[in-house]
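In what follows, a structure is listed as structure tokens, so that the remarks can point back to it.
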Amino acid sequence: MHELSLVHSIIKLASQHTKANNATKVDQIELEIGTLAGVEMDAFLFAWNASIPGTILENAKRIIHKVQAKARCKSCGTEFDIQELYDVCPQCANYVHHIFRGKELKLKTLVVS
Ligand SMILES: [Zn+2]
């Protein structure tokens with residue numbers, strides 16, 4: 001499951017940050033997940049709940065921001081909210097575009113103590 005490896009890399013990243021700051025636990029973790037990041041939310045939360053106990057993130061408050069994906073049309077330059085990878089431009093109906101936001105999963109902030 002793709003979501004499980006995502007959660008594992010988040011735990012790894014969080015542990016590295018916590019150690020680097022001479023802290024012992026994470027109080028809060030804030031994530032940004034793009035609507036086109038390919039993350040299935042239910043699967044992600046399931047993987048999270050299954051993996052977190054016993055790790056540095058066990059008692060951390062989890063905040064998840066969904067980031068609406070945005071694309072720029074390569075034909076007319078219009079920027080628009082994109083729901084599916086092959087949506088067409090609302091201005092000129094071209095489907096060649098560049099998705100510049102919403103394909104990423106980012107660790108935004110980490111509060112450690
Ligand atoms: Zn266009």
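Following the order of the structure tokens, chains are lettered A, B, ..., residues in each are numbered from 1, and ligands are numbered from 1.
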
Legend entry - Neighbour list for Ser5 in chain A as a count of residues only, cut-off 12 Å, only C-alpha atoms, skip fewer than 2 positions in-chain: 16

Could you list, with a cut-off of 12 Å and counting only C-alpha atoms and all ligand atoms, the residues of chain A near ligand 1, each shown with its nearest atom pair and the distance in Å rounded to one decimal, rows sorted by chain and ascending number, as a tab-separated table?
```
residue	atom	partner	partner_atom_place_in_ligand_line	distance
A:Ala71	CA	ligand 1	1 (Zn)	10.1
A:Arg72	CA	ligand 1	1 (Zn)	7.8
A:Cys73	CA	ligand 1	1 (Zn)	4.6
A:Lys74	CA	ligand 1	1 (Zn)	6.7
A:Ser75	CA	ligand 1	1 (Zn)	5.1
A:Cys76	CA	ligand 1	1 (Zn)	4.1
A:Gly77	CA	ligand 1	1 (Zn)	5.9
A:Thr78	CA	ligand 1	1 (Zn)	5.4
A:Glu79	CA	ligand 1	1 (Zn)	8.2
A:Phe80	CA	ligand 1	1 (Zn)	9.3
A:Asp87	CA	ligand 1	1 (Zn)	11.0
A:Val88	CA	ligand 1	1 (Zn)	7.8
A:Cys89	CA	ligand 1	1 (Zn)	4.6
A:Pro90	CA	ligand 1	1 (Zn)	6.6
A:Gln91	CA	ligand 1	1 (Zn)	4.9
A:Cys92	CA	ligand 1	1 (Zn)	4.2
A:Ala93	CA	ligand 1	1 (Zn)	6.0
A:Asn94	CA	ligand 1	1 (Zn)	5.4
A:Tyr95	CA	ligand 1	1 (Zn)	7.8
A:Val96	CA	ligand 1	1 (Zn)	8.3
A:His97	CA	ligand 1	1 (Zn)	8.1
A:His98	CA	ligand 1	1 (Zn)	10.9
```

Legend entry - Point-to-point distance in Å for CA of Lys108 in chain A and CA of Ile56 in chain A: 17.0 Å

Inset, instruction - From a DSSP calculation on the backbone, collect every residue of chain A in strand (DSSP E) and output the set as JSON, numbers by chain. - result: {"A": [26, 27, 28, 29, 30, 31, 32, 33, 34, 61, 62, 63, 64, 65, 66, 67, 70, 71, 72, 73, 79, 80, 81, 97, 98, 99, 100, 101, 105, 106, 107, 108, 109, 110, 111, 112]}

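If only C-alpha atoms are the atoms counted, then among A:Val112, A:Leu4, A:Met41, A:Ile64 the closest residue to Asn22 in chain A is A:Val112.
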
Legend entry - Backbone DSSP call of helix (DSSP H, G or I) for chain A, listed as a count of residues only: 30
